[in-house]
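Shown next: run-v9.txt, containing compact mmCIF, C-alpha atoms.
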```txt
# COMPACT_ATOMS: atom_id res chain seq x y z
CA MET K 1 30.47 -49.73 -144.27
CA GLU K 2 28.64 -52.31 -146.40
CA LYS K 3 25.30 -50.44 -146.49
CA PHE K 4 22.94 -48.52 -144.24
CA ILE K 5 20.20 -50.52 -142.51
CA PRO K 6 17.72 -48.22 -140.70
CA TYR K 7 15.88 -49.27 -137.54
CA GLY K 8 12.56 -49.10 -139.42
CA TYR K 9 11.41 -48.65 -142.99
CA GLN K 10 8.19 -48.68 -144.98
CA SER K 11 7.22 -51.54 -147.32
CA ILE K 12 5.63 -49.95 -150.40
CA ASP K 13 5.06 -52.00 -153.55
CA LYS K 14 3.67 -51.47 -157.03
CA LYS K 15 0.10 -52.32 -155.94
CA ASP K 16 0.21 -49.69 -153.19
CA ILE K 17 1.30 -47.06 -155.70
CA GLU K 18 -1.38 -48.08 -158.19
CA GLU K 19 -4.11 -47.70 -155.55
CA VAL K 20 -2.89 -44.21 -154.64
CA VAL K 21 -2.70 -43.17 -158.30
CA LYS K 22 -6.30 -44.30 -158.86
CA VAL K 23 -7.47 -41.89 -156.18
CA LEU K 24 -5.29 -39.06 -157.48
CA LYS K 25 -7.04 -39.49 -160.83
CA SER K 26 -10.51 -39.64 -159.23
CA ASP K 27 -12.96 -36.92 -158.19
CA TRP K 28 -12.14 -37.22 -154.48
CA LEU K 29 -8.84 -36.37 -152.82
CA THR K 30 -10.25 -35.89 -149.32
CA GLN K 31 -13.51 -36.55 -147.45
CA GLY K 32 -14.41 -39.14 -150.06
CA PRO K 33 -15.28 -42.85 -150.10
CA LYS K 34 -11.79 -44.24 -149.46
CA VAL K 35 -11.74 -42.91 -145.90
CA GLU K 36 -14.81 -44.88 -144.87
CA GLN K 37 -13.62 -47.97 -146.79
CA PHE K 38 -10.32 -47.90 -144.90
CA GLU K 39 -12.10 -47.42 -141.58
CA ARG K 40 -14.37 -50.40 -142.23
CA ALA K 41 -11.43 -52.57 -143.29
CA VAL K 42 -9.43 -51.85 -140.12
CA ALA K 43 -12.52 -52.31 -137.95
CA ARG K 44 -13.11 -55.74 -139.53
CA TYR K 45 -9.48 -56.74 -139.07
CA CYS K 46 -9.44 -55.67 -135.41
CA ARG K 47 -12.94 -57.06 -134.76
CA VAL K 48 -14.29 -53.78 -133.43
CA LYS K 49 -17.50 -51.90 -134.28
CA TYR K 50 -16.24 -48.41 -135.08
CA ALA K 51 -13.13 -46.79 -136.52
CA ILE K 52 -12.29 -43.12 -137.15
CA ALA K 53 -9.31 -42.33 -139.39
CA VAL K 54 -7.45 -39.08 -138.69
CA SER K 55 -4.35 -37.19 -139.77
CA SER K 56 -1.85 -38.72 -137.30
CA GLY K 57 -1.47 -40.93 -134.25
CA THR K 58 -1.06 -37.76 -132.21
CA ALA K 59 -4.39 -36.43 -133.52
CA ALA K 60 -5.96 -39.78 -132.65
CA LEU K 61 -4.72 -39.53 -129.07
CA HIS K 62 -5.96 -35.95 -128.76
CA LEU K 63 -9.44 -36.80 -130.05
CA ALA K 64 -9.69 -39.90 -127.86
CA TYR K 65 -8.90 -37.80 -124.80
CA ILE K 66 -11.43 -35.12 -125.78
CA ALA K 67 -14.16 -37.67 -126.51
CA SER K 68 -13.58 -39.27 -123.12
CA GLY K 69 -14.12 -35.93 -121.39
CA ILE K 70 -10.57 -35.48 -120.08
CA LYS K 71 -10.25 -31.82 -119.09
CA SER K 72 -8.41 -29.31 -116.98
CA GLY K 73 -7.82 -30.53 -113.44
CA ASP K 74 -8.13 -34.24 -114.28
CA GLU K 75 -5.40 -36.76 -113.59
CA VAL K 76 -4.64 -39.57 -116.01
CA ILE K 77 -2.44 -42.55 -115.20
CA THR K 78 0.05 -43.60 -117.85
CA THR K 79 3.63 -44.77 -118.38
CA PRO K 80 6.71 -42.56 -118.74
CA LEU K 81 8.16 -44.98 -121.32
CA THR K 82 6.39 -43.83 -124.46
CA PHE K 83 6.60 -41.36 -127.31
CA ALA K 84 5.93 -37.79 -126.21
CA ALA K 85 2.46 -37.58 -127.81
CA THR K 86 0.89 -39.92 -125.25
CA ALA K 87 1.38 -37.40 -122.45
CA ASN K 88 1.66 -34.20 -124.50
CA MET K 89 -1.94 -34.50 -125.64
CA LEU K 90 -3.08 -34.95 -122.03
CA VAL K 91 -1.34 -31.68 -121.21
CA GLN K 92 -3.06 -30.02 -124.17
CA CYS K 93 -6.37 -31.07 -122.58
CA GLY K 94 -5.30 -29.46 -119.30
CA ALA K 95 -4.83 -32.79 -117.50
CA LYS K 96 -1.92 -34.02 -115.41
CA PRO K 97 -0.12 -37.18 -116.56
CA VAL K 98 0.45 -39.34 -113.49
CA PHE K 99 3.29 -41.64 -114.42
CA VAL K 100 3.59 -45.24 -113.22
CA ASP K 101 6.83 -47.19 -113.49
CA ILE K 102 7.22 -50.06 -115.94
CA GLU K 103 7.70 -53.79 -115.59
CA SER K 104 11.38 -54.50 -116.19
CA ASP K 105 10.67 -57.43 -118.52
CA THR K 106 7.70 -56.34 -120.67
CA LEU K 107 8.59 -52.60 -120.52
CA ASN K 108 4.85 -51.94 -120.17
CA ILE K 109 3.07 -50.14 -117.32
CA ASN K 110 3.29 -52.09 -114.06
CA PRO K 111 -0.34 -52.88 -113.07
CA GLU K 112 0.65 -53.53 -109.46
CA LEU K 113 1.62 -49.86 -109.05
CA ILE K 114 -1.50 -48.29 -110.58
CA GLU K 115 -4.01 -48.48 -107.76
CA GLY K 116 -1.83 -46.66 -105.26
CA LEU K 117 -1.84 -43.56 -107.49
CA ILE K 118 -5.59 -43.32 -108.08
CA THR K 119 -7.26 -40.24 -106.55
CA ASN K 120 -10.67 -38.59 -106.83
CA LYS K 121 -9.21 -36.61 -109.76
CA THR K 122 -8.24 -39.70 -111.78
CA LYS K 123 -10.23 -39.93 -115.02
CA ALA K 124 -8.58 -42.69 -117.06
CA ILE K 125 -5.72 -45.14 -117.48
CA ILE K 126 -3.70 -44.77 -120.68
CA THR K 127 -1.80 -47.97 -121.46
CA VAL K 128 0.99 -48.21 -124.04
CA ASP K 129 1.70 -51.48 -125.84
CA PHE K 130 5.41 -50.83 -125.95
CA ALA K 131 7.30 -52.23 -128.96
CA GLY K 132 4.11 -54.03 -130.02
CA LEU K 133 3.60 -56.15 -126.88
CA PRO K 134 0.14 -55.76 -125.27
CA CYS K 135 -0.08 -54.97 -121.57
CA ASP K 136 -1.57 -57.35 -119.01
CA TYR K 137 -5.11 -56.11 -119.63
CA ASP K 138 -6.92 -58.43 -117.25
CA GLN K 139 -5.18 -56.66 -114.37
CA VAL K 140 -5.66 -53.19 -115.87
CA PHE K 141 -9.38 -53.71 -116.57
CA LYS K 142 -9.96 -55.08 -113.07
CA ILE K 143 -8.53 -51.89 -111.55
CA ALA K 144 -10.38 -49.66 -114.02
CA LYS K 145 -13.71 -51.33 -113.32
CA LYS K 146 -13.22 -51.10 -109.55
CA HIS K 147 -12.60 -47.33 -109.76
CA ASN K 148 -14.92 -46.57 -112.70
CA LEU K 149 -12.08 -45.44 -114.97
CA LEU K 150 -11.78 -45.49 -118.74
CA VAL K 151 -8.98 -47.44 -120.42
CA ILE K 152 -7.53 -45.82 -123.52
CA GLU K 153 -4.98 -48.03 -125.24
CA ASP K 154 -2.10 -46.37 -127.06
CA ALA K 155 -1.48 -49.17 -129.57
CA CYS K 156 0.53 -47.03 -131.98
CA HIS K 157 3.17 -49.79 -131.88
CA ALA K 158 0.76 -52.68 -131.84
CA LEU K 159 -1.55 -53.06 -134.84
CA GLY K 160 -1.56 -56.80 -135.52
CA SER K 161 -0.71 -57.87 -131.98
CA GLU K 162 -3.00 -60.04 -129.85
CA TYR K 163 -3.96 -60.34 -126.18
CA LYS K 164 -5.26 -63.78 -125.19
CA GLY K 165 -6.30 -64.42 -128.79
CA LYS K 166 -8.10 -61.10 -129.21
CA LYS K 167 -6.87 -58.53 -131.71
CA THR K 168 -5.52 -55.29 -130.33
CA GLY K 169 -8.26 -52.70 -130.77
CA SER K 170 -11.15 -54.94 -129.85
CA PHE K 171 -11.24 -54.73 -126.04
CA SER K 172 -10.34 -51.27 -124.62
CA ASP K 173 -12.75 -48.34 -124.33
CA MET K 174 -10.78 -46.70 -127.11
CA THR K 175 -7.65 -47.82 -128.93
CA VAL K 176 -5.32 -45.50 -130.83
CA LEU K 177 -3.26 -46.51 -133.88
CA SER K 178 -0.52 -44.79 -135.88
CA PHE K 179 0.27 -45.24 -139.57
CA HIS K 180 3.64 -43.45 -139.68
CA PRO K 181 6.06 -45.01 -142.23
CA VAL K 182 7.93 -47.07 -139.62
CA LYS K 183 4.72 -48.56 -138.20
CA ASN K 184 3.20 -51.93 -139.10
CA ILE K 185 1.24 -50.40 -141.98
CA THR K 186 1.55 -46.86 -143.30
CA THR K 187 -0.51 -44.09 -144.82
CA GLY K 188 2.49 -41.70 -144.78
CA GLU K 189 1.17 -39.86 -141.76
CA GLY K 190 -2.13 -40.92 -140.26
CA GLY K 191 -3.85 -42.47 -137.29
CA MET K 192 -7.09 -44.06 -136.12
CA ILE K 193 -9.29 -44.48 -133.07
CA LEU K 194 -11.11 -47.79 -132.55
CA THR K 195 -14.05 -48.24 -130.19
CA ASN K 196 -17.17 -50.31 -129.54
CA ASN K 197 -18.88 -47.29 -127.97
CA LYS K 198 -21.22 -45.42 -130.35
CA ASP K 199 -21.27 -42.29 -128.18
CA PHE K 200 -17.50 -42.03 -128.48
CA TYR K 201 -17.72 -42.72 -132.21
CA ASP K 202 -20.26 -39.95 -132.77
CA LYS K 203 -18.16 -37.45 -130.81
CA LEU K 204 -14.98 -38.42 -132.64
CA LYS K 205 -16.59 -37.87 -136.05
CA VAL K 206 -17.67 -34.38 -135.08
CA PHE K 207 -14.42 -33.30 -133.42
CA ARG K 208 -12.38 -34.61 -136.39
CA ASN K 209 -14.12 -32.06 -138.63
CA HIS K 210 -14.03 -28.72 -136.78
CA GLY K 211 -16.98 -29.64 -134.55
CA ILE K 212 -19.36 -29.29 -137.48
CA VAL K 213 -22.83 -30.81 -137.03
CA LYS K 214 -24.91 -30.75 -140.20
CA LYS K 215 -28.61 -29.84 -139.88
CA PRO K 216 -30.09 -30.64 -143.31
CA GLU K 217 -33.61 -29.95 -142.10
CA ASN K 218 -32.62 -26.28 -142.17
CA GLY K 219 -31.14 -26.54 -145.67
CA ARG K 220 -28.54 -28.79 -147.27
CA TRP K 221 -25.90 -26.10 -146.72
CA TYR K 222 -26.70 -25.56 -143.05
CA TYR K 223 -24.52 -26.68 -140.15
CA GLU K 224 -23.85 -25.68 -136.56
CA ILE K 225 -20.84 -25.84 -134.27
CA GLU K 226 -21.88 -26.83 -130.77
CA GLU K 227 -18.29 -27.33 -129.57
CA PRO K 228 -15.20 -26.36 -131.58
CA GLY K 229 -13.19 -29.21 -133.02
CA PHE K 230 -10.13 -29.61 -135.24
CA ASN K 231 -9.15 -30.26 -138.80
CA TYR K 232 -7.84 -33.76 -138.11
CA ARG K 233 -9.12 -35.21 -141.39
CA ILE K 234 -7.10 -37.70 -143.43
CA THR K 235 -7.00 -37.77 -147.24
CA ASP K 236 -8.51 -40.36 -149.58
CA PHE K 237 -5.18 -41.14 -151.22
CA GLN K 238 -3.64 -41.82 -147.80
CA CYS K 239 -6.52 -44.18 -147.02
CA ALA K 240 -6.11 -45.90 -150.39
CA LEU K 241 -2.51 -46.61 -149.40
CA GLY K 242 -3.64 -47.78 -145.96
CA GLN K 243 -6.27 -50.11 -147.36
CA SER K 244 -3.73 -51.64 -149.74
CA GLN K 245 -1.21 -52.00 -146.90
CA LEU K 246 -3.77 -53.65 -144.63
CA LYS K 247 -4.20 -56.49 -147.13
CA LYS K 248 -0.56 -57.41 -146.45
CA ILE K 249 -0.50 -56.95 -142.67
CA ASN K 250 -0.49 -60.66 -141.87
CA LYS K 251 2.55 -61.06 -144.10
CA PHE K 252 4.18 -58.03 -142.49
CA ILE K 253 3.60 -59.30 -138.94
CA LYS K 254 4.77 -62.79 -139.86
CA ARG K 255 8.03 -61.36 -141.22
CA ARG K 256 8.53 -59.12 -138.18
CA ARG K 257 8.12 -62.11 -135.89
CA GLU K 258 10.50 -64.18 -138.04
CA ILE K 259 13.17 -61.49 -137.71
CA ALA K 260 12.63 -61.26 -133.94
CA THR K 261 12.95 -65.05 -133.68
CA SER K 262 16.20 -64.93 -135.67
CA TYR K 263 17.59 -62.24 -133.36
CA ASN K 264 16.53 -64.23 -130.30
CA LYS K 265 18.37 -67.31 -131.54
CA ALA K 266 21.47 -65.43 -132.65
CA LEU K 267 21.81 -63.30 -129.53
CA LYS K 268 20.58 -65.57 -126.72
CA SER K 269 24.16 -66.60 -125.86
CA VAL K 270 25.35 -62.99 -125.53
CA THR K 271 25.20 -62.57 -121.78
CA GLU K 272 25.97 -58.86 -121.93
CA ILE K 273 22.57 -57.98 -123.42
CA ILE K 274 18.92 -58.45 -122.42
CA LEU K 275 16.51 -59.42 -125.19
CA PRO K 276 12.84 -58.33 -125.47
CA ALA K 277 10.34 -60.39 -123.50
CA GLU K 278 7.12 -61.91 -124.82
CA LYS K 279 4.53 -63.20 -122.37
CA ASN K 280 2.28 -66.24 -122.87
CA TYR K 281 -0.82 -63.99 -122.72
CA ALA K 282 0.26 -61.85 -125.68
CA LYS K 283 1.52 -62.04 -129.24
CA SER K 284 3.77 -59.11 -130.08
CA ALA K 285 3.64 -57.29 -133.42
CA TYR K 286 7.35 -56.39 -132.96
CA HIS K 287 7.14 -52.80 -134.12
CA ILE K 288 10.66 -52.44 -132.71
CA TYR K 289 13.26 -54.78 -131.23
CA PRO K 290 14.82 -53.07 -128.16
CA VAL K 291 17.76 -54.74 -126.45
CA GLN K 292 19.43 -53.65 -123.22
CA ILE K 293 23.18 -53.48 -122.71
CA LYS K 294 24.00 -54.98 -119.30
CA LYS K 295 27.75 -54.33 -119.50
CA GLY K 296 29.71 -51.64 -121.29
CA ASP K 297 29.13 -48.08 -122.42
CA ARG K 298 25.79 -47.91 -124.25
CA ARG K 299 26.85 -44.76 -126.09
CA GLU K 300 30.07 -46.37 -127.34
CA ILE K 301 28.21 -49.47 -128.53
CA PHE K 302 25.52 -47.32 -130.16
CA GLU K 303 28.07 -45.24 -132.05
CA ASP K 304 30.10 -48.30 -133.10
CA LEU K 305 26.92 -49.91 -134.47
CA GLN K 306 26.16 -46.76 -136.47
CA LYS K 307 29.69 -46.81 -137.88
CA THR K 308 29.00 -50.30 -139.23
CA GLY K 309 25.98 -48.96 -141.15
CA LEU K 310 23.24 -49.81 -138.67
CA GLY K 311 20.68 -47.09 -138.04
CA VAL K 312 20.07 -48.09 -134.44
CA GLN K 313 17.91 -45.87 -132.26
CA VAL K 314 16.81 -45.44 -128.62
CA HIS K 315 13.10 -45.69 -127.73
CA TYR K 316 12.66 -43.59 -125.52
CA MET K 317 14.00 -41.21 -122.90
CA PRO K 318 11.33 -41.49 -120.15
CA LEU K 319 9.02 -38.49 -120.29
CA HIS K 320 9.51 -37.48 -116.67
CA LEU K 321 13.16 -36.68 -117.44
CA HIS K 322 12.27 -34.06 -120.07
CA PRO K 323 12.60 -30.44 -118.86
CA PHE K 324 8.92 -29.63 -119.41
CA TYR K 325 7.64 -32.48 -117.22
CA ARG K 326 10.20 -31.71 -114.54
CA LYS K 327 9.28 -28.04 -114.38
CA LYS K 328 5.52 -28.37 -114.87
CA PHE K 329 4.80 -31.35 -112.62
CA GLY K 330 7.86 -31.65 -110.39
CA TYR K 331 9.06 -35.02 -111.66
CA LYS K 332 12.72 -35.79 -111.08
CA LYS K 333 15.40 -38.35 -111.78
CA GLY K 334 14.90 -41.40 -109.58
CA ASP K 335 11.10 -41.28 -109.61
CA PHE K 336 10.73 -44.30 -111.91
CA PRO K 337 13.81 -46.49 -111.52
CA ALA K 338 12.77 -49.33 -113.84
CA ALA K 339 12.10 -46.96 -116.74
CA GLU K 340 15.34 -45.09 -116.06
CA GLU K 341 17.37 -48.29 -115.85
CA TYR K 342 15.93 -49.44 -119.18
CA TYR K 343 16.74 -46.10 -120.78
CA LYS K 344 20.38 -46.25 -119.63
CA ARG K 345 20.77 -49.60 -121.40
CA ALA K 346 18.45 -49.40 -124.42
CA ILE K 347 19.33 -49.76 -128.09
CA THR K 348 16.72 -50.49 -130.77
CA LEU K 349 18.01 -52.83 -133.48
CA PRO K 350 16.75 -52.68 -137.09
CA LEU K 351 13.53 -54.60 -137.73
CA TYR K 352 11.17 -54.16 -140.69
CA PRO K 353 9.62 -56.53 -143.24
CA LYS K 354 11.93 -55.60 -146.12
CA MET K 355 14.99 -56.75 -144.21
CA THR K 356 16.65 -59.75 -145.84
CA ASN K 357 17.97 -62.73 -143.91
CA LYS K 358 21.43 -61.46 -144.82
CA ASP K 359 20.61 -58.11 -143.19
CA VAL K 360 19.45 -59.84 -140.01
CA ILE K 361 22.60 -61.95 -139.84
CA TYR K 362 24.73 -58.83 -140.39
CA VAL K 363 23.00 -56.95 -137.54
CA ALA K 364 23.40 -59.85 -135.10
CA LYS K 365 27.02 -60.43 -136.16
CA SER K 366 27.84 -56.72 -135.78
CA ILE K 367 26.50 -56.37 -132.25
CA LYS K 368 28.23 -59.59 -131.13
CA GLU K 369 31.56 -58.43 -132.59
CA ILE K 370 31.30 -54.99 -130.99
CA ILE K 371 30.47 -56.41 -127.57
CA ARG K 372 33.27 -58.97 -127.91
CA LYS K 373 35.71 -56.18 -128.81
CA ILE K 374 34.73 -54.21 -125.71
CA HIS K 375 34.67 -57.12 -123.26
CA GLY K 376 37.33 -59.33 -124.81
```
Show me the file's structure as structure tokens.
Amino acid sequence: MEKFIPYGYQSIDKKDIEEVVKVLKSDWLTQGPKVEQFERAVARYCRVKYAIAVSSGTAALHLAYIASGIKSGDEVITTPLTFAATANMLVQCGAKPVFVDIESDTLNINPELIEGLITNKTKAIITVDFAGLPCDYDQVFKIAKKHNLLVIEDACHALGSEYKGKKTGSFSDMTVLSFHPVKNITTGEGGMILTNNKDFYDKLKVFRNHGIVKKPENGRWYYEIEEPGFNYRITDFQCALGQSQLKKINKFIKRRREIATSYNKALKSVTEIILPAEKNYAKSAYHIYPVQIKKGDRREIFEDLQKTGLGVQVHYMPLHLHPFYRKKFGYKKGDFPAAEEYYKRAITLPLYPKMTNKDVIYVAKSIKEIIRKIHG
């Protein structure tokens, strides 16, 4: 084994560390000026009016659902091919996730299947920009408008991506971001909700901080809780890191796309695998690079790749196959064949800005050699 190359890894430099240290030496560690500065910076980058920074992408999803009024008895349409938080937070609100199968090429929700699942209980459509590729939003918005539904965009993979020239975060009712270390920028843990709707923004600010509404006319100390919220606050030193990271996002996305292009060129002749798709309406941020194994034992190939020092991963087992969603909502194997077929074949290859060209060549060479060994 030459060395270990993980599927994702943070890019932290001296400037990032210096910005965090400045805050650690300041008067504010949390609820200070860096939080608002970071929010404004992301809002400017994404060309959206309002941004609320929170403690994680999961917290961002939860608050977006609460602000939209999703509650017990509601149904919400989403995709089974996503990280658990997308649907878990709907369940925490008392709602039922109504899964829709994916498009086999984009791996995003299939818009043609959405309308047939809308009922009088449907409250919203939750899209997921899988691997960093935006969904076909013209189709999604047309359906949402027809049925008076909200569109909440889970863009936890997709900061820096574009749909028809518009930055992700600028066009949905609310857009959720994640700043986990493997994401396109990091704050350690952290997340954000973007919106152009001031009513949503005002609700999000309150629910982020226990539901506290200050009433200074009754005294500077005085506040009231009209509805209970959560402690989903993020720290100033996390936001200092995020603000520093954001200054490099164009460089990060450029490098991610360069690596994806190199993989595409190196692997296009390997007929046993399917490469990620990118549509002409979207520019992917390439959070991950998932390939699909058409021939051979995925598990054997996965384990052989790990033996060569590649920290490959699988994103994700479709949610309807998890025991909770089977028992709670009656989902079963066979319900969403495109998502299940993808899952049987999927392997995520390493992709992150710190990868060297030598690393990229080694990954491509390794997968070609392993497939050649299996198929002769």
Name the residues within 8 Å of (-1.0, -45.5, -109.5), counting all atoms listed in the file in the file's coordinates, and put them as a ChimeraX atom specification. /K:77,98-100,113-118
Please provide as a VMD selection string all residues within 12 Å of Gly242 in chain K, with the sequence filter that same-chain residues fewer than 6 positions apart are discarded (counting only C-alpha atoms). chain K and resid 10 to 12 15 to 17 19 to 20 34 to 42 53 to 54 178 to 181 183 to 192 234 to 236 248 to 249
In Å to one decimal, how far is CA of Gln31 in chain K from CA of Tyr9 in chain K?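 We find that CA of Tyr9 in chain K and CA of Gln31 in chain K lie 28.1 Å from each other.
CA of Arg255 in chain K to CA of His287 in chain K spans 11.2 Å [interatomic distance, one decimal].
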Would you pick out the contacts of Lys328 in chain K at 10 Å or less, using only C-alpha atoms, so that residues sharing its chain but fewer than 4 positions from it are not included, and give the list as a list in words?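 Near Lys328 in chain K, the qualifying residues are Val91, Lys96, Pro323 and Phe324 of chain K.
Each of K:Leu319, K:Ala144, K:Ala43, K:Leu204 was checked against Ala87 in chain K using all atoms listed in the file; the smallest atom-to-atom distance is that of K:Leu319.
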Generate N, CA and C atoms for range 92-120 of chain K and emit them as a compact mmCIF listing (two decimals), in the coordinates of the input.
```
# COMPACT_ATOMS: atom_id res chain seq x y z
N GLN K 92 -2.29 -30.93 -123.32
CA GLN K 92 -3.06 -30.02 -124.17
C GLN K 92 -4.53 -29.97 -123.74
N CYS K 93 -5.00 -31.05 -123.11
CA CYS K 93 -6.37 -31.07 -122.58
C CYS K 93 -6.46 -30.45 -121.19
N GLY K 94 -5.32 -30.06 -120.63
CA GLY K 94 -5.30 -29.46 -119.30
C GLY K 94 -5.14 -30.46 -118.17
N ALA K 95 -4.93 -31.73 -118.52
CA ALA K 95 -4.83 -32.79 -117.50
C ALA K 95 -3.39 -33.00 -117.06
N LYS K 96 -3.25 -33.67 -115.93
CA LYS K 96 -1.92 -34.02 -115.41
C LYS K 96 -1.63 -35.49 -115.70
N PRO K 97 -0.54 -35.79 -116.42
CA PRO K 97 -0.12 -37.18 -116.56
C PRO K 97 0.49 -37.67 -115.25
N VAL K 98 -0.08 -38.72 -114.71
CA VAL K 98 0.45 -39.34 -113.49
C VAL K 98 1.18 -40.61 -113.92
N PHE K 99 2.50 -40.54 -113.89
CA PHE K 99 3.29 -41.64 -114.42
C PHE K 99 3.40 -42.79 -113.43
N VAL K 100 3.43 -44.00 -113.99
CA VAL K 100 3.59 -45.24 -113.22
C VAL K 100 4.78 -45.98 -113.83
N ASP K 101 5.64 -46.51 -112.98
CA ASP K 101 6.83 -47.19 -113.49
C ASP K 101 6.45 -48.43 -114.29
N ILE K 102 7.44 -48.93 -115.04
CA ILE K 102 7.22 -50.06 -115.94
C ILE K 102 7.63 -51.38 -115.29
N GLU K 103 7.17 -52.47 -115.89
CA GLU K 103 7.70 -53.79 -115.59
C GLU K 103 9.04 -53.93 -116.29
N SER K 104 10.04 -54.44 -115.61
CA SER K 104 11.38 -54.50 -116.19
C SER K 104 11.47 -55.47 -117.37
N ASP K 105 10.58 -56.47 -117.42
CA ASP K 105 10.67 -57.43 -118.52
C ASP K 105 9.84 -57.01 -119.73
N THR K 106 8.56 -56.68 -119.53
CA THR K 106 7.70 -56.34 -120.67
C THR K 106 7.92 -54.90 -121.15
N LEU K 107 8.42 -54.04 -120.27
CA LEU K 107 8.59 -52.60 -120.52
C LEU K 107 7.25 -51.86 -120.58
N ASN K 108 6.17 -52.55 -120.24
CA ASN K 108 4.85 -51.94 -120.17
C ASN K 108 4.54 -51.45 -118.76
N ILE K 109 3.48 -50.66 -118.63
CA ILE K 109 3.07 -50.14 -117.32
C ILE K 109 2.91 -51.29 -116.33
N ASN K 110 3.36 -51.07 -115.10
CA ASN K 110 3.29 -52.09 -114.06
C ASN K 110 1.92 -52.01 -113.37
N PRO K 111 1.01 -52.95 -113.64
CA PRO K 111 -0.34 -52.88 -113.07
C PRO K 111 -0.36 -52.85 -111.55
N GLU K 112 0.64 -53.46 -110.92
CA GLU K 112 0.65 -53.53 -109.46
C GLU K 112 0.87 -52.16 -108.81
N LEU K 113 1.34 -51.19 -109.59
CA LEU K 113 1.62 -49.86 -109.05
C LEU K 113 0.52 -48.85 -109.34
N ILE K 114 -0.47 -49.25 -110.14
CA ILE K 114 -1.50 -48.29 -110.58
C ILE K 114 -2.41 -47.85 -109.45
N GLU K 115 -2.94 -48.79 -108.70
CA GLU K 115 -4.01 -48.48 -107.76
C GLU K 115 -3.57 -47.49 -106.69
N GLY K 116 -2.32 -47.56 -106.30
CA GLY K 116 -1.83 -46.66 -105.26
C GLY K 116 -1.78 -45.20 -105.69
N LEU K 117 -1.92 -44.93 -106.99
CA LEU K 117 -1.84 -43.56 -107.49
C LEU K 117 -3.20 -43.00 -107.91
N ILE K 118 -4.25 -43.78 -107.72
CA ILE K 118 -5.59 -43.32 -108.08
C ILE K 118 -6.13 -42.37 -107.00
N THR K 119 -6.65 -41.22 -107.45
CA THR K 119 -7.26 -40.24 -106.55
C THR K 119 -8.66 -39.91 -107.05
N ASN K 120 -9.34 -39.00 -106.36
CA ASN K 120 -10.67 -38.59 -106.83
C ASN K 120 -10.60 -37.72 -108.08
```
